[in-house]
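Chemist: Data file run_23.txt (compact mmCIF, C-alpha atoms and all ligand atoms) is appended below.
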# COMPACT_ATOMS: atom_id res chain seq x y z
CA MET A 1 29.40 14.57 -18.51
CA THR A 2 28.97 16.63 -15.38
CA ASN A 3 26.02 16.29 -13.12
CA GLY A 4 25.12 19.83 -12.18
CA PRO A 5 22.72 20.68 -9.40
CA TRP A 6 19.96 21.56 -11.87
CA GLU A 7 20.19 18.26 -13.66
CA ARG A 8 17.67 15.65 -12.77
CA THR A 9 17.59 12.03 -13.69
CA SER A 10 13.89 11.70 -12.99
CA PRO A 11 11.74 11.00 -16.03
CA VAL A 12 10.68 13.96 -18.13
CA ARG A 13 6.95 13.54 -18.08
CA PRO A 14 6.38 13.82 -14.30
CA TYR A 15 8.74 16.78 -14.24
CA VAL A 16 6.63 18.57 -16.84
CA ILE A 17 3.30 17.78 -15.22
CA THR A 18 4.35 19.03 -11.84
CA GLY A 19 5.61 22.31 -13.25
CA GLY A 20 9.24 21.61 -12.54
CA ARG A 21 8.93 20.58 -8.95
CA ALA A 22 10.08 17.12 -8.15
CA GLU A 23 9.27 17.30 -4.47
CA SER A 24 6.41 18.83 -2.60
CA ALA A 25 7.07 20.99 0.42
CA GLY A 26 5.98 18.75 3.27
CA GLU A 27 6.17 15.04 3.78
CA PRO A 28 4.40 13.50 0.76
CA LEU A 29 1.12 11.75 1.45
CA SER A 30 1.64 8.04 1.82
CA TRP A 31 0.05 5.68 -0.68
CA GLU A 32 -2.65 4.56 1.69
CA SER A 33 -3.61 8.08 2.77
CA LEU A 34 -7.26 8.69 2.05
CA ILE A 35 -8.26 11.79 0.15
CA MET A 36 -11.49 13.41 -0.96
CA ALA A 37 -12.45 16.53 -2.90
CA THR A 38 -13.99 19.31 -0.86
CA ASP A 39 -16.97 21.40 -1.79
CA ALA A 40 -14.85 24.50 -2.39
CA ALA A 41 -15.26 26.27 -5.72
CA PHE A 42 -12.16 25.77 -7.79
CA PRO A 43 -10.49 28.36 -9.98
CA ALA A 44 -11.16 28.27 -13.71
CA THR A 45 -7.42 28.21 -14.28
CA LEU A 46 -7.00 24.82 -12.68
CA GLN A 47 -4.67 22.52 -14.64
CA PRO A 48 -6.38 19.53 -16.27
CA GLU A 49 -4.26 17.19 -14.12
CA HIS A 50 -5.60 18.80 -10.96
CA LEU A 51 -9.13 18.72 -12.31
CA ALA A 52 -8.82 15.03 -13.19
CA ILE A 53 -7.89 14.28 -9.60
CA LEU A 54 -10.90 16.18 -8.28
CA THR A 55 -13.33 14.34 -10.54
CA HIS A 56 -11.90 11.02 -9.32
CA CYS A 57 -12.14 12.03 -5.69
CA GLN A 58 -15.84 12.68 -5.20
CA GLY A 59 -15.65 10.08 -2.45
CA LEU A 60 -12.84 8.73 -0.29
CA LEU A 61 -9.97 7.04 -2.11
CA SER A 62 -6.38 6.23 -1.27
CA VAL A 63 -3.54 8.01 -3.04
CA ALA A 64 -2.62 4.68 -4.65
CA GLU A 65 -6.13 4.20 -6.04
CA VAL A 66 -6.26 7.69 -7.53
CA ALA A 67 -2.83 7.09 -9.07
CA ALA A 68 -4.01 3.83 -10.60
CA HIS A 69 -7.28 5.32 -11.88
CA LEU A 70 -5.41 8.19 -13.49
CA GLY A 71 -2.49 6.08 -14.73
CA GLN A 72 -0.02 8.38 -13.01
CA PRO A 73 2.86 7.28 -10.79
CA PRO A 74 2.08 8.02 -7.13
CA SER A 75 5.18 10.22 -6.95
CA VAL A 76 3.62 12.60 -9.48
CA LEU A 77 0.27 12.48 -7.81
CA GLN A 78 1.79 13.33 -4.45
CA VAL A 79 3.03 16.64 -5.82
CA LEU A 80 -0.31 17.55 -7.38
CA LEU A 81 -2.12 16.55 -4.20
CA ALA A 82 0.07 18.85 -2.16
CA ASP A 83 -1.19 21.72 -4.34
CA LEU A 84 -4.82 20.70 -3.97
CA LEU A 85 -4.41 20.39 -0.22
CA GLU A 86 -2.87 23.85 -0.03
CA TRP A 87 -5.74 25.30 -2.07
CA GLY A 88 -8.29 23.60 0.15
CA LEU A 89 -9.68 21.57 -2.74
CA ILE A 90 -9.06 18.23 -1.10
CA VAL A 91 -8.95 17.02 2.45
CA THR A 92 -6.88 14.13 3.63
CA ARG A 93 -7.22 11.46 6.23
CA PRO A 94 -3.73 10.49 7.30
CA PRO A 95 -2.87 6.79 7.45
CA ILE A 96 -2.41 5.03 10.75
CA PRO A 97 0.75 6.68 12.04
CA PRO A 98 3.73 4.40 12.70
CA ALA A 99 3.35 4.93 16.43
CA GLU A 100 0.08 3.07 16.20
CA ARG A 101 1.65 0.13 14.44
CA ALA A 102 1.76 -1.84 17.61
CA ASP A 103 -1.64 -0.62 18.76
CA VAL A 104 -3.31 -3.82 19.81
CA THR A 105 -6.78 -2.32 19.65
CA MET A 106 -6.32 -1.55 15.99
CA LEU A 107 -4.79 -4.95 15.22
CA ARG A 108 -7.71 -6.67 16.95
CA LYS A 109 -10.05 -4.59 14.82
CA VAL A 110 -8.26 -5.78 11.69
CA LEU A 111 -8.37 -9.36 12.94
CA SER A 112 -12.09 -9.36 13.58
CA GLY A 113 -12.68 -7.62 10.26
CA LEU A 114 -10.82 -10.39 8.45
CA GLU A 115 -12.48 -13.13 10.49
CA SER A 116 -15.90 -11.75 9.67
CA ARG A 117 -15.14 -12.43 6.01
CA LEU A 118 -14.61 -16.17 6.53
CA MET B 1 -5.71 3.77 24.96
CA ASP B 2 -8.15 4.69 22.29
CA SER B 3 -6.55 5.26 18.92
CA LYS B 4 -9.75 6.82 17.64
CA ALA B 5 -8.99 9.91 19.67
CA ASP B 6 -6.46 10.89 17.02
CA PHE B 7 -9.02 10.93 14.27
CA GLU B 8 -10.89 14.05 13.35
CA PRO B 9 -14.28 13.70 11.76
CA TRP B 10 -14.46 13.89 8.02
CA PRO B 11 -16.26 16.78 6.44
CA GLU B 12 -19.47 15.79 4.73
CA ALA B 13 -19.10 14.38 1.24
CA PRO B 14 -19.19 17.14 -1.38
CA ALA B 15 -22.66 17.43 -2.80
CA HIS B 16 -22.46 19.33 -6.04
CA PRO B 17 -24.85 17.60 -8.36
CA GLY B 18 -23.69 16.63 -11.81
CA GLN B 19 -20.02 16.26 -11.13
CA GLY B 20 -18.91 12.71 -10.44
CA ALA B 21 -22.49 11.91 -9.63
CA ALA B 22 -22.35 8.37 -10.97
CA GLY B 23 -19.55 7.31 -8.67
CA ARG B 24 -21.04 9.04 -5.67
CA ALA B 25 -24.46 7.56 -6.27
CA ALA B 26 -22.93 4.10 -6.52
CA ALA B 27 -21.13 4.62 -3.23
CA ALA B 28 -24.20 6.03 -1.55
CA ALA B 29 -26.48 3.30 -2.83
CA ASP B 30 -24.23 0.64 -1.40
CA PRO B 31 -24.45 0.50 2.36
CA ALA B 32 -22.45 -2.75 2.50
CA PRO B 33 -18.82 -1.84 3.12
CA GLY B 34 -16.49 -1.72 0.22
CA GLY B 35 -18.78 -2.53 -2.68
CA GLY B 36 -18.24 0.54 -4.82
CA LYS B 37 -15.34 2.51 -6.15
CA TYR B 38 -15.08 4.70 -3.09
CA VAL B 39 -14.16 3.85 0.46
CA ALA B 40 -17.18 4.18 2.78
CA SER B 41 -17.49 7.79 3.88
CA SER B 42 -17.47 6.77 7.56
CA VAL B 43 -13.91 5.46 7.25
CA ARG B 44 -11.40 7.55 9.16
CA GLY B 45 -8.13 5.81 8.60
CA ALA B 46 -6.22 3.31 6.51
CA ALA B 47 -3.76 0.58 7.40
CA LYS B 48 -1.57 -1.43 5.07
CA ILE B 49 0.00 -4.83 4.81
CA LEU B 50 2.65 -5.76 2.26
CA VAL B 51 2.45 -8.98 0.28
CA VAL B 52 5.99 -9.84 -0.72
CA GLY B 53 7.67 -12.60 -2.64
CA PRO B 54 9.61 -13.56 -5.75
CA LEU B 55 8.47 -13.46 -9.35
CA GLY B 56 5.37 -15.50 -10.09
CA VAL B 57 4.81 -16.68 -6.52
CA GLY B 58 1.16 -15.60 -6.47
CA LYS B 59 1.15 -12.06 -5.03
CA THR B 60 -1.25 -10.66 -7.61
CA THR B 61 -3.47 -13.73 -7.34
CA LEU B 62 -3.71 -13.50 -3.55
CA ILE B 63 -4.47 -9.79 -3.57
CA GLY B 64 -7.11 -10.35 -6.22
CA THR B 65 -8.91 -13.06 -4.28
CA VAL B 66 -9.20 -11.09 -1.05
CA SER B 67 -9.70 -7.59 -2.43
CA GLU B 68 -13.14 -5.99 -2.58
CA ILE B 69 -12.05 -3.88 -5.54
CA LYS B 70 -10.60 -5.17 -8.78
CA PRO B 71 -6.87 -5.17 -8.02
CA LEU B 72 -5.30 -1.99 -9.26
CA PHE B 73 -1.91 -1.50 -10.68
CA THR B 74 0.47 1.40 -10.55
CA GLU B 75 3.89 1.83 -12.01
CA ALA B 76 5.90 3.63 -9.41
CA VAL B 77 9.12 5.47 -10.01
CA MET B 78 10.89 5.18 -6.73
CA THR B 79 13.90 7.16 -5.71
CA ARG B 80 16.52 5.67 -3.49
CA ALA B 81 15.82 7.28 -0.14
CA GLY B 82 17.74 10.44 0.59
CA ALA B 83 19.54 10.71 -2.73
CA ALA B 84 17.30 13.52 -3.95
CA VAL B 85 17.61 15.80 -0.98
CA ASP B 86 21.12 15.71 0.35
CA THR B 87 23.91 16.61 -2.00
CA PRO B 88 22.42 17.14 -5.43
CA ALA B 89 25.77 18.14 -6.90
CA GLN B 90 27.18 14.69 -6.29
CA SER B 91 24.20 12.43 -6.26
CA THR B 92 23.25 10.52 -9.31
CA LYS B 93 19.67 10.02 -8.31
CA THR B 94 18.89 6.35 -8.54
CA THR B 95 15.41 5.60 -9.73
CA THR B 96 13.75 2.24 -10.10
CA THR B 97 10.44 1.56 -11.73
CA VAL B 98 8.40 -0.82 -9.65
CA ALA B 99 5.15 -2.39 -10.74
CA LEU B 100 2.91 -2.62 -7.72
CA ASP B 101 -0.52 -4.05 -7.50
CA PHE B 102 -2.79 -3.51 -4.59
CA GLY B 103 -6.19 -4.32 -3.22
CA ARG B 104 -8.53 -3.07 -0.53
CA ILE B 105 -10.47 -4.65 2.32
CA THR B 106 -12.94 -2.64 4.36
CA ILE B 107 -12.39 -3.76 7.94
CA ASP B 108 -15.28 -1.93 9.55
CA GLU B 109 -17.07 1.40 9.38
CA ASP B 110 -13.96 3.38 10.26
CA LEU B 111 -10.97 1.41 9.03
CA VAL B 112 -9.85 0.21 5.62
CA LEU B 113 -6.92 -2.10 4.89
CA TYR B 114 -4.74 -1.92 1.79
CA LEU B 115 -2.62 -4.81 0.54
CA PHE B 116 0.38 -3.87 -1.55
CA GLY B 117 2.07 -6.53 -3.67
CA THR B 118 5.77 -5.87 -3.52
CA PRO B 119 8.18 -7.68 -5.83
CA GLY B 120 11.07 -9.38 -4.10
CA GLN B 121 13.83 -9.14 -6.67
CA HIS B 122 16.93 -7.54 -5.34
CA ARG B 123 16.77 -4.44 -7.52
CA PHE B 124 13.39 -3.50 -6.09
CA LEU B 125 14.46 -3.65 -2.50
CA PRO B 126 15.20 0.10 -2.14
CA ALA B 127 11.56 0.76 -2.95
CA TRP B 128 10.45 -1.20 0.08
CA ARG B 129 11.58 1.36 2.56
CA ASP B 130 8.85 3.87 1.62
CA LEU B 131 6.15 1.26 1.39
CA ALA B 132 7.10 -0.40 4.64
CA LYS B 133 6.79 2.89 6.49
CA GLY B 134 3.67 2.59 8.61
CA ALA B 135 2.85 -0.95 7.44
CA LEU B 136 1.37 -3.29 10.03
CA GLY B 137 3.43 -6.17 8.74
CA ALA B 138 4.01 -8.36 5.72
CA LEU B 139 2.85 -11.66 4.32
CA ALA B 140 5.81 -13.37 2.65
CA LEU B 141 4.81 -15.83 -0.06
CA ILE B 142 7.01 -18.84 -0.72
CA ASP B 143 7.06 -20.97 -3.82
CA PRO B 144 7.81 -24.48 -2.52
CA ARG B 145 9.36 -25.36 -5.88
CA ASP B 146 11.98 -22.67 -5.35
CA VAL B 147 12.35 -21.82 -1.69
CA ALA B 148 15.62 -20.00 -2.23
CA ALA B 149 13.92 -17.42 -4.44
CA SER B 150 12.38 -15.96 -1.28
CA PHE B 151 15.62 -15.42 0.62
CA ASP B 152 16.05 -11.84 -0.59
CA ALA B 153 12.54 -10.88 0.46
CA LEU B 154 12.79 -12.50 3.91
CA GLY B 155 16.19 -10.97 4.54
CA HIS B 156 14.89 -7.56 3.63
CA LEU B 157 11.88 -7.84 5.93
CA GLU B 158 14.28 -8.64 8.75
CA ASP B 159 16.47 -5.65 7.83
CA LEU B 160 13.43 -3.38 7.88
CA ASP B 161 12.29 -4.88 11.17
CA LEU B 162 8.87 -5.44 9.68
CA PRO B 163 7.05 -8.33 11.38
CA PHE B 164 5.88 -11.01 8.97
CA ALA B 165 4.23 -14.37 8.51
CA VAL B 166 5.20 -16.88 5.84
CA ALA B 167 2.65 -18.46 3.53
CA VAL B 168 3.67 -21.36 1.34
CA ASN B 169 1.67 -21.09 -1.83
CA VAL B 170 0.77 -24.62 -2.86
CA PHE B 171 1.23 -25.47 -6.52
CA PRO B 172 0.21 -28.85 -7.98
CA ASP B 173 3.78 -29.91 -8.64
CA SER B 174 5.04 -28.71 -5.25
CA PRO B 175 7.49 -31.00 -3.51
CA GLN B 176 6.26 -32.24 -0.14
CA HIS B 177 8.33 -30.35 2.38
CA THR B 178 7.66 -30.89 6.04
CA GLU B 179 7.13 -27.83 8.19
CA ASP B 180 10.46 -28.45 9.93
CA GLU B 181 12.31 -28.69 6.63
CA LEU B 182 10.81 -25.42 5.47
CA ARG B 183 11.53 -23.64 8.74
CA MET B 184 15.08 -24.83 8.56
CA ALA B 185 15.51 -23.87 4.91
CA LEU B 186 14.02 -20.42 5.49
CA ASP B 187 15.79 -19.95 8.81
CA LEU B 188 12.57 -18.81 10.49
CA LEU B 189 12.35 -17.75 14.11
CA PRO B 190 10.24 -20.18 16.16
CA GLY B 191 7.52 -17.54 16.60
CA THR B 192 7.15 -16.73 12.91
CA PRO B 193 3.94 -18.30 11.60
CA LEU B 194 4.29 -20.67 8.67
CA VAL B 195 1.04 -21.49 6.91
CA ARG B 196 0.01 -23.12 3.66
CA CYS B 197 -2.27 -21.32 1.31
CA ASP B 198 -3.79 -21.43 -2.11
CA ALA B 199 -3.66 -17.89 -3.39
CA ARG B 200 -6.51 -18.65 -5.82
CA ASP B 201 -8.84 -19.33 -2.92
CA GLY B 202 -10.26 -16.37 -1.00
CA THR B 203 -10.79 -18.22 2.26
CA SER B 204 -7.34 -19.72 2.21
CA SER B 205 -5.72 -16.36 1.44
CA ASN B 206 -7.79 -14.66 4.11
CA GLN B 207 -6.64 -17.29 6.61
CA ALA B 208 -3.03 -16.52 5.77
CA LEU B 209 -3.71 -12.85 6.52
CA ILE B 210 -5.41 -13.83 9.76
CA ALA B 211 -2.34 -15.83 10.80
CA LEU B 212 -0.24 -12.75 10.15
CA VAL B 213 -2.48 -10.42 12.16
CA ARG B 214 -2.65 -12.89 15.08
CA HIS B 215 1.13 -12.90 15.05
CA LEU B 216 1.22 -9.10 15.01
CA ILE B 217 -1.12 -8.99 18.01
CA LEU B 218 1.09 -11.43 19.90
CA ALA B 219 4.21 -9.45 19.03
CA ALA B 220 2.54 -6.21 20.12
CA THR B 221 1.35 -7.59 23.43
CA GLU B 222 4.66 -9.29 24.22
CA SER B 223 6.90 -6.31 23.52
CA PRO B 224 7.35 -3.90 26.44
N1 LIG A 301 -1.65 -23.86 -8.43
C1 LIG A 301 -1.55 -22.63 -8.01
N2 LIG A 301 -1.26 -21.66 -8.89
C2 LIG A 301 -1.15 -20.41 -8.45
C3 LIG A 301 -1.31 -20.08 -7.07
N3 LIG A 301 -1.09 -18.76 -6.92
C4 LIG A 301 -0.82 -18.28 -8.14
N4 LIG A 301 -0.86 -19.26 -9.07
C5 LIG A 301 -0.57 -19.09 -10.50
O1 LIG A 301 0.78 -18.71 -10.62
C6 LIG A 301 0.96 -17.72 -11.63
C7 LIG A 301 1.65 -16.49 -11.06
O2 LIG A 301 0.83 -15.87 -10.10
P1 LIG A 301 0.83 -14.29 -9.85
O3 LIG A 301 -0.23 -14.02 -8.86
O4 LIG A 301 0.77 -13.54 -11.13
O5 LIG A 301 2.26 -14.11 -9.21
P2 LIG A 301 2.98 -12.74 -8.80
O6 LIG A 301 3.69 -13.02 -7.52
O7 LIG A 301 2.04 -11.62 -8.81
O8 LIG A 301 4.03 -12.60 -9.97
P3 LIG A 301 4.86 -11.31 -10.44
O9 LIG A 301 3.95 -10.13 -10.33
O10 LIG A 301 5.24 -11.64 -11.83
O11 LIG A 301 6.05 -11.24 -9.52
C8 LIG A 301 -0.42 -17.43 -12.15
O12 LIG A 301 -0.59 -18.15 -13.37
C9 LIG A 301 -1.36 -17.97 -11.10
O13 LIG A 301 -2.58 -18.41 -11.65
C10 LIG A 301 -1.62 -21.13 -6.18
O14 LIG A 301 -1.77 -20.94 -4.97
N5 LIG A 301 -1.73 -22.38 -6.69
MG MG A 302 2.13 -9.78 -9.84
What does the file become when written as structure tokens?

Modeler:
Amino acid sequence: MTNGPWERTSPVRPYVITGGRAESAGEPLSWESLIMATDAAFPATLQPEHLAILTHCQGLLSVAEVAAHLGQPPSVLQVLLADLLEWGLIVTRPPIPPAERADVTMLRKVLSGLESRL
Amino acid sequence: MDSKADFEPWPEAPAHPGQGAAGRAAAAADPAPGGGKYVASSVRGAAKILVVGPLGVGKTTLIGTVSEIKPLFTEAVMTRAGAAVDTPAQSTKTTTTVALDFGRITIDEDLVLYLFGTPGQHRFLPAWRDLAKGALGALALIDPRDVAASFDALGHLEDLDLPFAVAVNVFPDSPQHTEDELRMALDLLPGTPLVRCDARDGTSSNQALIALVRHLILAATESP
């Protein structure tokens, strides 16, 4: 059995949902990226999968949460979200970039947030 | 340096009545952080911490006791990094299905923290690379009845250069290891925190997270 360039070993269902694209153009949104639907009017032709995302994103939620609410793997969601971003139907708040990982101010913020829960 | 400078303000929450009104009303009616389905609209960024460890060590339990939302679950199909993009003609794309659970803690009005439970078995290790990207650090759970079961997870954290703290989850039939014995068995660096916790107890679990974050602060202030 040859493994031609068009062959994919990814599961069928995500491939179908995302219209044949397995990767979105840019860097996919990370799981903790926060997203929210915008106020923009959406086209009547919107796929049900896109619509489902919008109805779950009337407030801020992470990509992982939307994936869990919809029962979709995050990898599928990332592709659909790239569409919605491009169409201006969602906005995203990027996660803390890796450069900020060692940002002591942010870590102190996390520490006092956790301590306030004791 | 003020990290907030990188944040742009969020647009106002969409206000079309009727659609998703229940969820939005719940979020709006709850001024206390993190009560409802949605993250508070003032939040401008998210951070994450991984909770790692072998099968049955208490990852899901710990996440559940500290999370403000009912822990959620997602079945991720992860692709071994790089295999999909470079030479498709040769690559047999390796995919692994990983069950991940996660929880959420609102830190303050502009920051939310996600905890991702990451299974430690060897076959799941490729999936860590994506999740570890941008993570603050990891809490490694140890089952004192089977310390060796955590070796894979600890080794992988070291490979990824992800700072971590170790929490020994105390079970009723746990053997009584001394701290020195455990440090020796786990081959921990002297600076790596080693704490005991009961994952079923929110305060205890929160204290384990606090030990981790204190360690991260130390590491960040010591490094050049
Ligand atoms: N006594 C005691 N039992 C615990 C503790 N933490 C977890 N358990 C129990 O141990 C079992 C496994 O805990 P889980 O939280 O499901 O473990 P896990 O790491 O998520 O397991 P997998 O997802 O299967 O890898 C459950 O029955 C818990 O109730 C603890 O600190 N003390
Ligand atoms: Mg679990």

Chemist: With distances taken over only C-alpha atoms, which of B:His177, B:His156, B:Lys70, B:Arg129 is nearest to Arg196 (chain B)?

Modeler: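 Of B:His177, B:His156, B:Lys70, B:Arg129, the one nearest Arg196 (chain B) is B:His177, counting only C-alpha atoms.
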
Chemist: Could you list the protein, DNA and RNA residues that have any atom within 7 Å of ligand LIG 301 (chain A), counting all atoms listed in the file, and write them as a list in words?

Modeler: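 What falls inside 7 Å of ligand LIG 301 (chain A) is Gly53, Pro54, Leu55, Gly56, Val57, Gly58, Lys59, Thr60, Thr61, Leu62, Pro119, Asn169, Val170, Phe171, Pro172, Cys197, Asp198, Ala199 and Arg200 of chain B.
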
Chemist: Kindly give the distance, in Å, that separates CA of Val110 (chain A) and CA of Val213 (chain B), rounded to a single decimal.

Modeler: 7.4 Å

Chemist: From the set B:Val98, B:Val51, B:Gly117, B:Lys37, which residue has the shortest atom-to-atom contact distance to ligand MG 302 (chain A), counting all atoms listed in the file?

Modeler: B:Gly117

Chemist: Which one is closest to Arg104 (chain B): A:Thr105, A:Ser62, A:Ser33, A:Ser112? Count all atoms listed in the file.

Modeler: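 Counting all atoms listed in the file, the residue closest to Arg104 (chain B) is A:Ser62.
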